[in-house]
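Read the structure below first, then the notes.
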Amino acid sequence: MTWLDKWRALEARIDGLIRAGEFLALTFQVNSGDAFNVVRNSFLPELVAISAEIKQLGDAYSSELPKKAYDALNKYIALDWHNKSFKSGSVDIQALAPLAAFRSEFSYLLRDAEIEGRNLTELAFEHLRRQLVVDEDIRKKWQTAFRSHETACEKLGAVHLLSHGIWAFKFVAPGGATDLVFGDPIGKDLGRVKRTARAFVLTEWKLVKRENNIEAKAREGRAQAAIYSGGVLGDTELNRTRYVVLVCELDLPVPDDVSERNVVYRHVVLPMQPKSPSATARSKKALGKS
């Protein structure tokens, strides 16, 4: 389960408590007393549990949450509403108002174009990896491109990503952000590009001809991607995530993500002779025994 899935489940729990609070507030209009101590015995324990889950979410995913959302989470926890002195009655139920405000703010801040664009990009690459497994025609096109030149793979990859709404580009000085298909600066036709793209993603494509060269190619790709200062394509550009795509003959281990200067460099391995995950695991296990 991702942090976004956990938040959605937690958000539903928060919504349930707030709805119950709204119902109780209506009953207080008829009778302001709390003879059964509903606020203390039911609402307070749930508020404490929810606050604990919110804190756990922040602790577990501090590096993945958008900064503004993470700051809002910490601000709510610091206010310590769940440890305020609860007695009973309509006044104490007002403590649910800050929780409702937090839920609204946090959900809004999570609607980050960076997250949506990154998720779309991950989906597009996973789709491509699976196409290479099951579609012989597509696999042959990629194998031909692999034998031809790096730019041939760039073009195939860019067209595939665009089918998912992702406009992939690379940085080429002095032209800046450059289209992978036509090789033109994106800025020349930025209006049309923005109308068609859901996100802009900086990519560096590298051919890995030797198995023991994958880390070196990954470093080379990161170094080239790091030259780009970012931000010139507007708020749909992924400023915190860049991709180094390693096109190789065999299904090689994926290099770990690298974080530098507030940018995460993710690596994607595209094998021309792909294996199923179970077969890859068996191969790695066999290599470990040898």
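Letters for chains follow the order of the structure tokens (A, B, ...), residue numbers begin at 1 for each chain, and ligand numbers begin at 1 in the order shown.
Excluding A:Lys55 itself and any same-chain residue fewer than 5 positions from it, the protein and nucleic acid residues within 8 Å of it, counting only C-alpha atoms, are Leu73, Asn74 and Ile77 of chain A.
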Selection export as a PDB file, in the first residue's frame, atoms kept: C-alpha atoms:
ATOM      1  CA  LEU A  73       0.736  17.683   8.716  1.00  0.00           C
ATOM      2  CA  ASN A  74       3.406  18.692  11.216  1.00  0.00           C
ATOM      3  CA  ILE A  77       0.249  17.543  15.051  1.00  0.00           C
TER       4      ILE A  77
END
Checklist entry - What are the DSSP strand (DSSP E or B) residues of stretch 151-271 of chain A, as a ChimeraX atom specification? => result /A:166-172,176-179,185,199-208,237,241-248,258-260,263-271
Checklist entry - Expressed in Å to a single decimal, how great is the separation between atom CA of A:Asp80 and atom CA of A:Gly21? => result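 So the answer is 18.8 Å.
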Checklist entry - Hey, what does DSSP flag as helix (DSSP H, G or I) within stretch 76-257 of chain A? Can you give it to me as a PyMOL selection string? => result chain A and resi 76-79+81-83+92-110+113-134+136-148+150-162+186-196+211-226
Next on the checklist: Could you list, as a list in words, every residue within 9 Å of A:Phe43, counting only C-alpha atoms and ignoring same-chain residues fewer than 5 positions away?
Outcome noted: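 So, after excluding close chain neighbours, the residues are Leu17, Ala20, Gly21, Val38, Val48, Ile93 and Leu96 of chain A.
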Item to check | Within 8 Å of A:Asp256 using only C-alpha atoms, minus same-chain residues under 2 positions, as number ranges by chain | outcome: A: 254, 258, 266-267
Checklist entry - Neighbours of A:Asp179 within 8 Å (only C-alpha atoms; same-chain residues fewer than 6 positions away dropped), as a ChimeraX atom specification? => result /A:168-170,185-186
Saved selection, atoms kept: C-alpha atoms, as a compact mmCIF listing (two decimals), in the first residue's frame:
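Result file follows (selection-v3.txt):
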# COMPACT_ATOMS: atom_id res chain seq x y z
CA ALA A 168 9.39 13.48 -22.49
CA PHE A 169 12.26 15.81 -23.30
CA LYS A 170 16.01 16.06 -22.86
CA PRO A 185 13.48 23.12 -28.81
CA ILE A 186 10.10 22.64 -27.11
Checklist entry - Separation of atom CA of A:Phe171 and atom CA of A:Ala225, in Å? => result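 That distance, rounded to one decimal, is 7.0 Å.
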Produce a table with one row for each residue of stretch 135-180 of chain A that has an atom at most 7 Å from any atom of stretch 117-130 of chain A, each row naming the nearest atom pair and its distance in Å at one decimal; use only C-alpha atoms; arrange rows by chain and rising residue number; format as JSON lines.
{"residue": "A:Leu161", "atom": "CA", "partner": "A:Ala124", "partner_atom": "CA", "distance": 5.8}
{"residue": "A:His164", "atom": "CA", "partner": "A:Ala124", "partner_atom": "CA", "distance": 6.1}
{"residue": "A:Ile166", "atom": "CA", "partner": "A:Thr121", "partner_atom": "CA", "distance": 6.6}
Checklist outcome for this item: Using only C-alpha atoms, the shortest atom-to-atom distance to A:Leu47 among A:Ala72, A:Ala12, A:Ala60, A:Ala95 belongs to A:Ala95
Item to check | A:Leu252, A:Val181, A:Ala78, A:Met272 ranked by distance to A:Ala52, top pick (using only C-alpha atoms) | outcome: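 Answer, going by the shortest atom-to-atom distance: A:Ala78.
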Checklist entry - In Å, with one decimal, what is the gap from atom CA of A:Tyr70 to atom CA of A:Ala226? => result 25.7 Å
Next on the checklist: Using only C-alpha atoms for the distances, tell me which of A:Leu24, A:Val201, A:Leu180, A:Val268 is nearest to A:Glu150.
Outcome noted: A:Leu180
Item to check | Of the listed residues A:Thr2, A:Gly16, A:Lys68, A:Leu10, that which approaches A:Ser51 most closely, counting only C-alpha atoms | outcome: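 Using only C-alpha atoms, A:Ser51 sits closest to A:Leu10.
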